[in-house]
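Peer 1: What follows is a single structure, and I will ask about it in a moment.
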Amino acid sequence: MSAQKIPYKIYLDEKELPTAWYNLRADMKSKPAPLLNPATHAPMSAEELAPVFCEELIRQELDDTTPYFEIPEEIRSFYKMYRPSPLVRAYCLEEKLGTPAEIYYKFEGNNTSGSHKLNSAIAQAYYAKKQGLTGVTTETGAGQWGTALSMACSYFGLDCKVFMVKCSYEQKPFRREVMRTYGASVTPSPSTETEVGKKILAEHPGTSGSLGCAISEAVEKAVTNPGYRYVLGSVLNQVLLHQSVIGLETKAALDKYGVKADLIIGCAGGGSNLGGLISPFMGEKLRGEADYRFIAVEPASCPSFTRGVYAYDYCDTGMVCPLAKMYTLGSDFIPSANHAGGLRYHGMSSTLSKLYDDGLMEAVSVRQTEVFEAAEYFARVEGILPAPESAHAIRVAIDEALRCKETGEKKTIVFGLTGTGYFDMVAYEKFHNGEMSDYIPTDEELAHYAARLPKID
Ligand SMILES: *Cc1c(COP(=O)(O)O)cnc(C)c1O
């Protein structure tokens, strides 16, 4: 093997693009807890979910026994425009750090939306179109999901209605215009277009909005408009399923060169990129075929895994969505202004929560300034300007590589580089000007929100 030097970028052939998504839940002996009806606390049935979500996506959501779902040809054709994505051997970073560790990263920023979210957006748009729907609604905070969904909807000729948290709408005009370029309509939330929006505006005039509020508006818009459904870019099982394409490609690329990963690292907001990246590797671990260490990285300002509670909670502030059992900080917890918008969700994927609770995976939290130090270091050494979210994984990959330098261990580290940071330059500016804060919630604050979790027996 040593004769064959591993290239800087391992590209898979188009023919090696996965033909099926892998459903990790099929290999879990103890399954993630089911979604519950917020009114009755009984498990949600497909019929109950049907007014909100697309039929085929509900089927994927509720299926925890089928290991593989074929990727429809139409989706594979779209994937081929930007996939397989490269797995990069970070030779330059290894050399700069002086580590004996081998470092690889799977780069998902090679598409216009700039992140991995497009992998699920295109699948969700496809199933909505196949069902004969007119359009979909969603919310977006930082804007990555809204951008990805706009691209996917324009490809399939679907109407796309995005409720964008008002402060982002005003602060991120470029993301907004990318969405409009792809034909989406973008409404600042809260708005007067929905009853829930009007109510919030009446109670809090001048509010700059929140993700939870935008979700409530998007759900209302979907259920009150015939031919529309609501779609979500993270947290749900169906999203992890679609994102398994990241892990399947990573595994195929490593296998091609006979490389065995020791440590797999990813940032965790709602858990979709991490869940997708680790899926096939975790599958091997669950089946007893191989062992790996998995590390979820989250911001210290929004520490769902490391300081949250494993309990049933609402997925949104408006409490209209089903209850999910997950590591959560409470649905009305609002994290301090952190520049990694994609990591500010109060909860976590129920699948990853279960794996974490069963001790199959680890989690660490990192402070914002140390994340940006890693982001800038990485940009200068490896060339790619990372999204602040992705830089959480970079931080821990670098820390682990430096640990190897101390111990002399030659570990193989793989991490997910979820996206690029071109729309996050205000955050980089704050970092450069020394104006970035590292707020970490106190135990008292977290206990306050934990005490407000719904009581489910
Ligand atoms: C949304 C986002 C994340 C976090 O979402 P997950 O569902 O946890 O993957 C991470 N990185 C980028 C670039 C994002 O846009």
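Following the order of the structure tokens, chains are lettered A, B, ..., residues in each are numbered from 1, and ligands are numbered from 1.
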Give me the residues of chain A that have any atom at most 8 Å from an atom of ligand 1; for each, the nearest atom pair and the distance in Å, rounded to one decimal. Use only C-alpha atoms and all ligand atoms, sort by chain and number, and format it as a Markdown table.

Peer 2:
| residue | atom | partner | partner_atom_place_in_ligand_line | distance |
| --- | --- | --- | --- | --- |
| A:Gly109 | CA | ligand 1 | 13 (C) | 7.6 |
| A:Gly114 | CA | ligand 1 | 13 (C) | 7.1 |
| A:Ser115 | CA | ligand 1 | 13 (C) | 4.8 |
| A:His116 | CA | ligand 1 | 13 (C) | 6.8 |
| A:Lys117 | CA | ligand 1 | 15 (O) | 6.4 |
| A:Ala142 | CA | ligand 1 | 15 (O) | 7.9 |
| A:Gly143 | CA | ligand 1 | 15 (O) | 7.9 |
| A:Gln144 | CA | ligand 1 | 15 (O) | 5.0 |
| A:Trp145 | CA | ligand 1 | 1 (C) | 6.6 |
| A:Gly233 | CA | ligand 1 | 7 (O) | 6.9 |
| A:Ser234 | CA | ligand 1 | 7 (O) | 4.2 |
| A:Val235 | CA | ligand 1 | 7 (O) | 6.0 |
| A:Cys267 | CA | ligand 1 | 10 (C) | 6.2 |
| A:Ala268 | CA | ligand 1 | 8 (O) | 3.9 |
| A:Gly269 | CA | ligand 1 | 8 (O) | 3.3 |
| A:Gly270 | CA | ligand 1 | 8 (O) | 4.0 |
| A:Gly271 | CA | ligand 1 | 8 (O) | 3.6 |
| A:Ser272 | CA | ligand 1 | 7 (O) | 3.6 |
| A:Asn273 | CA | ligand 1 | 9 (O) | 3.6 |
| A:Leu274 | CA | ligand 1 | 9 (O) | 5.9 |
| A:Gly275 | CA | ligand 1 | 9 (O) | 7.7 |
| A:Gly341 | CA | ligand 1 | 1 (C) | 7.6 |
| A:Gly342 | CA | ligand 1 | 1 (C) | 4.1 |
| A:Leu343 | CA | ligand 1 | 4 (C) | 5.3 |
| A:Met348 | CA | ligand 1 | 8 (O) | 7.9 |
| A:Ala387 | CA | ligand 1 | 13 (C) | 5.4 |
| A:Pro388 | CA | ligand 1 | 13 (C) | 7.3 |
| A:Glu389 | CA | ligand 1 | 11 (N) | 4.5 |
| A:Ser390 | CA | ligand 1 | 11 (N) | 5.1 |
| A:Leu417 | CA | ligand 1 | 11 (N) | 7.7 |
| A:Thr418 | CA | ligand 1 | 13 (C) | 4.6 |
| A:Gly419 | CA | ligand 1 | 13 (C) | 4.1 |
| A:Thr420 | CA | ligand 1 | 13 (C) | 6.6 |
| A:Gly421 | CA | ligand 1 | 13 (C) | 7.8 |

Peer 1: Can those selected residues be exported to a file as a short mmCIF file (atom, residue, chain, number, x, y, z; two decimals), in the first residue's frame so that it contains N, CA and C atoms?

Peer 2:
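Written output follows (result_10.cif):
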data_model
loop_
_atom_site.label_atom_id
_atom_site.label_comp_id
_atom_site.auth_asym_id
_atom_site.auth_seq_id
_atom_site.Cartn_x
_atom_site.Cartn_y
_atom_site.Cartn_z
N GLY A 109 -18.45 22.12 0.65
CA GLY A 109 -18.74 23.52 0.27
C GLY A 109 -18.67 23.80 -1.21
N GLY A 114 -23.20 26.49 -0.80
CA GLY A 114 -22.05 26.57 0.09
C GLY A 114 -22.02 25.61 1.25
N SER A 115 -22.95 24.64 1.29
CA SER A 115 -22.90 23.67 2.39
C SER A 115 -23.51 22.34 2.00
N HIS A 116 -23.45 21.40 2.94
CA HIS A 116 -24.01 20.05 2.75
C HIS A 116 -25.53 20.05 2.67
N LYS A 117 -26.19 21.15 3.03
CA LYS A 117 -27.65 21.15 3.13
C LYS A 117 -28.33 20.81 1.81
N ALA A 142 -29.54 31.58 9.55
CA ALA A 142 -28.34 32.12 8.92
C ALA A 142 -28.50 32.18 7.40
N GLY A 143 -29.32 31.31 6.83
CA GLY A 143 -29.61 31.39 5.40
C GLY A 143 -29.13 30.22 4.56
N GLN A 144 -28.29 29.32 5.13
CA GLN A 144 -27.76 28.21 4.32
C GLN A 144 -28.87 27.27 3.85
N TRP A 145 -29.77 26.94 4.75
CA TRP A 145 -30.84 26.01 4.38
C TRP A 145 -31.78 26.64 3.35
N GLY A 233 -34.49 21.41 7.43
CA GLY A 233 -33.15 21.12 6.91
C GLY A 233 -32.22 20.34 7.81
N SER A 234 -32.66 19.98 9.02
CA SER A 234 -31.78 19.25 9.94
C SER A 234 -32.63 18.44 10.91
N VAL A 235 -32.03 17.93 11.94
CA VAL A 235 -32.67 17.27 13.09
C VAL A 235 -33.44 15.98 12.74
N CYS A 267 -19.09 18.89 13.31
CA CYS A 267 -19.81 19.86 14.11
C CYS A 267 -21.27 19.40 14.20
N ALA A 268 -21.95 19.80 15.27
CA ALA A 268 -23.33 19.35 15.45
C ALA A 268 -24.24 20.52 15.82
N GLY A 269 -25.16 20.83 14.90
CA GLY A 269 -26.20 21.82 15.16
C GLY A 269 -27.47 21.05 15.48
N GLY A 270 -28.10 20.52 14.42
CA GLY A 270 -29.21 19.59 14.62
C GLY A 270 -28.75 18.16 14.39
N GLY A 271 -27.51 18.01 13.93
CA GLY A 271 -26.90 16.69 13.81
C GLY A 271 -26.91 16.07 12.43
N SER A 272 -27.31 16.83 11.38
CA SER A 272 -27.47 16.14 10.09
C SER A 272 -26.15 15.84 9.38
N ASN A 273 -25.19 16.78 9.39
CA ASN A 273 -23.93 16.44 8.69
C ASN A 273 -23.17 15.40 9.46
N LEU A 274 -23.15 15.54 10.79
CA LEU A 274 -22.43 14.57 11.61
C LEU A 274 -23.06 13.18 11.48
N GLY A 275 -24.38 13.15 11.58
CA GLY A 275 -25.10 11.88 11.45
C GLY A 275 -24.83 11.24 10.10
N GLY A 341 -24.43 30.42 13.06
CA GLY A 341 -25.89 30.39 13.09
C GLY A 341 -26.45 28.98 12.98
N GLY A 342 -25.77 28.12 12.22
CA GLY A 342 -26.25 26.76 12.00
C GLY A 342 -26.12 25.87 13.22
N LEU A 343 -25.48 26.36 14.28
CA LEU A 343 -25.29 25.52 15.47
C LEU A 343 -26.06 26.08 16.66
N MET A 348 -31.37 18.37 19.35
CA MET A 348 -30.41 17.54 18.59
C MET A 348 -31.17 16.37 17.98
N ALA A 387 -16.77 27.84 6.84
CA ALA A 387 -17.91 28.39 7.56
C ALA A 387 -17.60 28.30 9.06
N PRO A 388 -18.11 29.25 9.85
CA PRO A 388 -17.86 29.18 11.30
C PRO A 388 -18.33 27.84 11.90
N GLU A 389 -19.44 27.30 11.38
CA GLU A 389 -19.93 26.01 11.88
C GLU A 389 -18.87 24.94 11.67
N SER A 390 -18.38 24.86 10.43
CA SER A 390 -17.38 23.85 10.08
C SER A 390 -16.12 23.99 10.93
N LEU A 417 -15.90 18.96 6.69
CA LEU A 417 -15.81 20.40 6.42
C LEU A 417 -17.09 20.77 5.68
N THR A 418 -18.09 21.22 6.45
CA THR A 418 -19.45 21.31 5.92
C THR A 418 -19.69 22.45 4.94
N GLY A 419 -18.89 23.51 5.00
CA GLY A 419 -19.18 24.61 4.08
C GLY A 419 -18.18 25.73 4.11
N THR A 420 -18.44 26.70 3.23
CA THR A 420 -17.56 27.87 3.12
C THR A 420 -18.14 29.07 3.87
N GLY A 421 -17.27 30.04 4.18
CA GLY A 421 -17.68 31.14 5.05
C GLY A 421 -17.80 32.49 4.39
#

Peer 1: For Ala363 of chain A, find every residue with an atom within 7 Å (counting only C-alpha atoms), except residues of its own chain fewer than 2 positions away, and show them as a VMD selection string.

Peer 2: chain A and resid 295 to 297 305 to 306 361 365

Peer 1: Would you list the contacts of Thr147 of chain A as a count of residues only, taking every protein, DNA or RNA residue within 12 Å and counting only C-alpha atoms, but skipping same-chain residues closer than 3 positions in sequence?

Peer 2: 43

Peer 1: With only C-alpha atoms as the counted atoms, please give the residues lying no more than 10 Å from Glu217 of chain A, apart from itself and same-chain residues fewer than 3 positions off, as a PyMOL selection string.

Peer 2: chain A and resi 137-139+162-163+189-198+211-214+220-222+318

Peer 1: Would you export the selected residues with N, CA and C atoms as an mmCIF file, in the first residue's frame, please?

Peer 2:
data_model
loop_
_atom_site.group_PDB
_atom_site.id
_atom_site.type_symbol
_atom_site.label_atom_id
_atom_site.label_comp_id
_atom_site.auth_asym_id
_atom_site.auth_seq_id
_atom_site.Cartn_x
_atom_site.Cartn_y
_atom_site.Cartn_z
ATOM 1 N N THR A 137 -42.746 25.289 2.132
ATOM 2 C CA THR A 137 -42.398 26.425 2.990
ATOM 3 C C THR A 137 -41.311 25.977 3.954
ATOM 4 N N THR A 138 -40.528 26.934 4.408
ATOM 5 C CA THR A 138 -39.512 26.611 5.406
ATOM 6 C C THR A 138 -39.085 27.886 6.118
ATOM 7 N N GLU A 139 -38.216 27.692 7.120
ATOM 8 C CA GLU A 139 -37.625 28.854 7.777
ATOM 9 C C GLU A 139 -36.130 28.805 7.540
ATOM 10 N N VAL A 162 -39.818 31.120 1.891
ATOM 11 C CA VAL A 162 -38.875 31.076 3.013
ATOM 12 C C VAL A 162 -39.191 32.181 4.025
ATOM 13 N N PHE A 163 -39.376 31.797 5.278
ATOM 14 C CA PHE A 163 -39.473 32.780 6.352
ATOM 15 C C PHE A 163 -38.081 32.925 6.955
ATOM 16 N N SER A 189 -39.336 37.363 9.176
ATOM 17 C CA SER A 189 -40.212 36.823 10.227
ATOM 18 C C SER A 189 -39.869 37.437 11.573
ATOM 19 N N PRO A 190 -40.854 37.837 12.403
ATOM 20 C CA PRO A 190 -42.294 37.639 12.216
ATOM 21 C C PRO A 190 -42.892 38.569 11.146
ATOM 22 N N SER A 191 -43.953 38.067 10.485
ATOM 23 C CA SER A 191 -44.587 38.816 9.412
ATOM 24 C C SER A 191 -46.091 38.914 9.667
ATOM 25 N N THR A 192 -46.766 39.686 8.826
ATOM 26 C CA THR A 192 -48.220 39.787 8.946
ATOM 27 C C THR A 192 -48.906 38.789 8.010
ATOM 28 N N GLU A 193 -48.099 37.890 7.408
ATOM 29 C CA GLU A 193 -48.663 36.896 6.489
ATOM 30 C C GLU A 193 -49.315 35.720 7.207
ATOM 31 N N THR A 194 -49.028 35.563 8.494
ATOM 32 C CA THR A 194 -49.595 34.435 9.240
ATOM 33 C C THR A 194 -50.233 34.942 10.530
ATOM 34 N N GLU A 195 -51.153 34.130 11.065
ATOM 35 C CA GLU A 195 -51.800 34.490 12.334
ATOM 36 C C GLU A 195 -50.771 34.515 13.460
ATOM 37 N N VAL A 196 -49.914 33.488 13.486
ATOM 38 C CA VAL A 196 -48.914 33.415 14.558
ATOM 39 C C VAL A 196 -47.951 34.601 14.472
ATOM 40 N N GLY A 197 -47.609 35.019 13.254
ATOM 41 C CA GLY A 197 -46.729 36.174 13.074
ATOM 42 C C GLY A 197 -47.376 37.454 13.585
ATOM 43 N N LYS A 198 -48.671 37.622 13.251
ATOM 44 C CA LYS A 198 -49.404 38.822 13.707
ATOM 45 C C LYS A 198 -49.459 38.872 15.231
ATOM 46 N N LEU A 211 -35.660 31.811 15.341
ATOM 47 C CA LEU A 211 -35.840 30.626 14.508
ATOM 48 C C LEU A 211 -37.151 29.913 14.864
ATOM 49 N N GLY A 212 -37.407 29.801 16.167
ATOM 50 C CA GLY A 212 -38.622 29.125 16.608
ATOM 51 C C GLY A 212 -39.876 29.785 16.063
ATOM 52 N N CYS A 213 -39.866 31.100 16.005
ATOM 53 C CA CYS A 213 -41.009 31.848 15.496
ATOM 54 C C CYS A 213 -41.147 31.651 13.990
ATOM 55 N N ALA A 214 -40.027 31.662 13.282
ATOM 56 C CA ALA A 214 -40.056 31.470 11.826
ATOM 57 C C ALA A 214 -40.562 30.070 11.480
ATOM 58 N N GLU A 220 -47.505 27.080 9.688
ATOM 59 C CA GLU A 220 -48.859 27.599 9.478
ATOM 60 C C GLU A 220 -49.125 27.848 7.991
ATOM 61 N N LYS A 221 -48.172 28.439 7.314
ATOM 62 C CA LYS A 221 -48.327 28.744 5.889
ATOM 63 C C LYS A 221 -48.560 27.451 5.092
ATOM 64 N N ALA A 222 -47.834 26.385 5.471
ATOM 65 C CA ALA A 222 -47.970 25.112 4.738
ATOM 66 C C ALA A 222 -49.333 24.483 4.980
ATOM 67 N N GLY A 318 -43.011 27.681 19.004
ATOM 68 C CA GLY A 318 -44.471 27.772 18.966
ATOM 69 C C GLY A 318 -45.169 26.510 19.444
#

Peer 1: Determine, counting only C-alpha atoms, which protein, DNA and RNA residues have an atom within 7 Å of an atom of Ala393 of chain A; residues of the same chain fewer than 2 positions away are not included. Present the result as a PyMOL selection string.

Peer 2: chain A and resi 265-267+297+390-391+395-397+415-416

Peer 1: Can you write just those residues out, all heavy atoms, as a PDB file, in the first residue's frame?

Peer 2:
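Saved file again_28.pdb follows:
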ATOM      1  N   ILE A 265     -14.816  13.211  13.240  1.00  0.00           N
ATOM      2  CA  ILE A 265     -15.224  14.423  13.957  1.00  0.00           C
ATOM      3  C   ILE A 265     -16.158  15.258  13.092  1.00  0.00           C
ATOM      4  O   ILE A 265     -15.923  15.416  11.890  1.00  0.00           O
ATOM      5  CB  ILE A 265     -13.969  15.277  14.293  1.00  0.00           C
ATOM      6  CG1 ILE A 265     -12.981  14.460  15.157  1.00  0.00           C
ATOM      7  CG2 ILE A 265     -14.350  16.575  15.007  1.00  0.00           C
ATOM      8  CD1 ILE A 265     -11.604  15.098  15.262  1.00  0.00           C
ATOM      9  N   GLY A 266     -17.207  15.800  13.697  1.00  0.00           N
ATOM     10  CA  GLY A 266     -18.071  16.707  12.945  1.00  0.00           C
ATOM     11  C   GLY A 266     -18.724  17.717  13.867  1.00  0.00           C
ATOM     12  O   GLY A 266     -18.898  17.464  15.066  1.00  0.00           O
ATOM     13  N   CYS A 267     -19.085  18.886  13.309  1.00  0.00           N
ATOM     14  CA  CYS A 267     -19.813  19.861  14.109  1.00  0.00           C
ATOM     15  C   CYS A 267     -21.271  19.402  14.196  1.00  0.00           C
ATOM     16  O   CYS A 267     -21.756  18.680  13.315  1.00  0.00           O
ATOM     17  CB  CYS A 267     -19.721  21.249  13.502  1.00  0.00           C
ATOM     18  SG  CYS A 267     -20.428  21.419  11.857  1.00  0.00           S
ATOM     19  N   VAL A 297     -18.958  18.107  17.870  1.00  0.00           N
ATOM     20  CA  VAL A 297     -18.438  19.374  18.397  1.00  0.00           C
ATOM     21  C   VAL A 297     -19.539  20.423  18.360  1.00  0.00           C
ATOM     22  O   VAL A 297     -20.166  20.641  17.319  1.00  0.00           O
ATOM     23  CB  VAL A 297     -17.225  19.882  17.588  1.00  0.00           C
ATOM     24  CG1 VAL A 297     -16.577  21.061  18.303  1.00  0.00           C
ATOM     25  CG2 VAL A 297     -16.223  18.761  17.354  1.00  0.00           C
ATOM     26  N   SER A 390     -18.381  24.864  10.429  1.00  0.00           N
ATOM     27  CA  SER A 390     -17.379  23.850  10.079  1.00  0.00           C
ATOM     28  C   SER A 390     -16.120  23.991  10.934  1.00  0.00           C
ATOM     29  O   SER A 390     -15.453  22.998  11.249  1.00  0.00           O
ATOM     30  CB  SER A 390     -16.965  23.995   8.616  1.00  0.00           C
ATOM     31  OG  SER A 390     -18.070  24.278   7.786  1.00  0.00           O
ATOM     32  N   ALA A 391     -15.795  25.234  11.277  1.00  0.00           N
ATOM     33  CA  ALA A 391     -14.560  25.489  12.021  1.00  0.00           C
ATOM     34  C   ALA A 391     -14.587  24.863  13.415  1.00  0.00           C
ATOM     35  O   ALA A 391     -13.536  24.653  14.032  1.00  0.00           O
ATOM     36  CB  ALA A 391     -14.299  26.992  12.106  1.00  0.00           C
ATOM     37  N   ARG A 395     -11.379  22.896  14.754  1.00  0.00           N
ATOM     38  CA  ARG A 395     -10.757  23.145  16.062  1.00  0.00           C
ATOM     39  C   ARG A 395     -10.385  21.829  16.754  1.00  0.00           C
ATOM     40  O   ARG A 395      -9.266  21.622  17.210  1.00  0.00           O
ATOM     41  CB  ARG A 395     -11.728  23.956  16.938  1.00  0.00           C
ATOM     42  CG  ARG A 395     -11.338  24.169  18.377  1.00  0.00           C
ATOM     43  CD  ARG A 395     -10.244  25.202  18.541  1.00  0.00           C
ATOM     44  NE  ARG A 395      -8.908  24.618  18.568  1.00  0.00           N
ATOM     45  CZ  ARG A 395      -7.792  25.307  18.395  1.00  0.00           C
ATOM     46  NH1 ARG A 395      -7.818  26.592  18.170  1.00  0.00           N
ATOM     47  NH2 ARG A 395      -6.625  24.712  18.433  1.00  0.00           N
ATOM     48  N   VAL A 396     -11.357  20.919  16.801  1.00  0.00           N
ATOM     49  CA  VAL A 396     -11.134  19.667  17.540  1.00  0.00           C
ATOM     50  C   VAL A 396     -10.198  18.731  16.759  1.00  0.00           C
ATOM     51  O   VAL A 396      -9.383  18.030  17.360  1.00  0.00           O
ATOM     52  CB  VAL A 396     -12.477  19.009  17.907  1.00  0.00           C
ATOM     53  CG1 VAL A 396     -12.274  17.632  18.508  1.00  0.00           C
ATOM     54  CG2 VAL A 396     -13.219  19.903  18.909  1.00  0.00           C
ATOM     55  N   ALA A 397     -10.259  18.770  15.439  1.00  0.00           N
ATOM     56  CA  ALA A 397      -9.332  17.954  14.639  1.00  0.00           C
ATOM     57  C   ALA A 397      -7.891  18.414  14.905  1.00  0.00           C
ATOM     58  O   ALA A 397      -6.986  17.591  15.090  1.00  0.00           O
ATOM     59  CB  ALA A 397      -9.667  18.069  13.161  1.00  0.00           C
ATOM     60  N   PHE A 415     -12.480  14.521   9.371  1.00  0.00           N
ATOM     61  CA  PHE A 415     -13.520  15.440   9.848  1.00  0.00           C
ATOM     62  C   PHE A 415     -14.349  15.991   8.700  1.00  0.00           C
ATOM     63  O   PHE A 415     -13.931  15.963   7.539  1.00  0.00           O
ATOM     64  CB  PHE A 415     -12.936  16.563  10.724  1.00  0.00           C
ATOM     65  CG  PHE A 415     -12.131  17.614  10.014  1.00  0.00           C
ATOM     66  CD1 PHE A 415     -12.732  18.760   9.514  1.00  0.00           C
ATOM     67  CD2 PHE A 415     -10.754  17.474   9.882  1.00  0.00           C
ATOM     68  CE1 PHE A 415     -11.986  19.742   8.886  1.00  0.00           C
ATOM     69  CE2 PHE A 415     -10.000  18.460   9.243  1.00  0.00           C
ATOM     70  CZ  PHE A 415     -10.615  19.601   8.747  1.00  0.00           C
ATOM     71  N   GLY A 416     -15.524  16.466   9.026  1.00  0.00           N
ATOM     72  CA  GLY A 416     -16.440  17.009   8.030  1.00  0.00           C
ATOM     73  C   GLY A 416     -16.243  18.507   7.894  1.00  0.00           C
ATOM     74  O   GLY A 416     -16.353  19.242   8.881  1.00  0.00           O
TER      75      GLY A 416
END

Peer 1: Which of these, A:Ile394, A:Leu360, A:Ala202, A:Met44, has the shortest distance to Ser30 of chain A once you count only C-alpha atoms?

Peer 2: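 Closest residue, counting only C-alpha atoms: A:Leu360.
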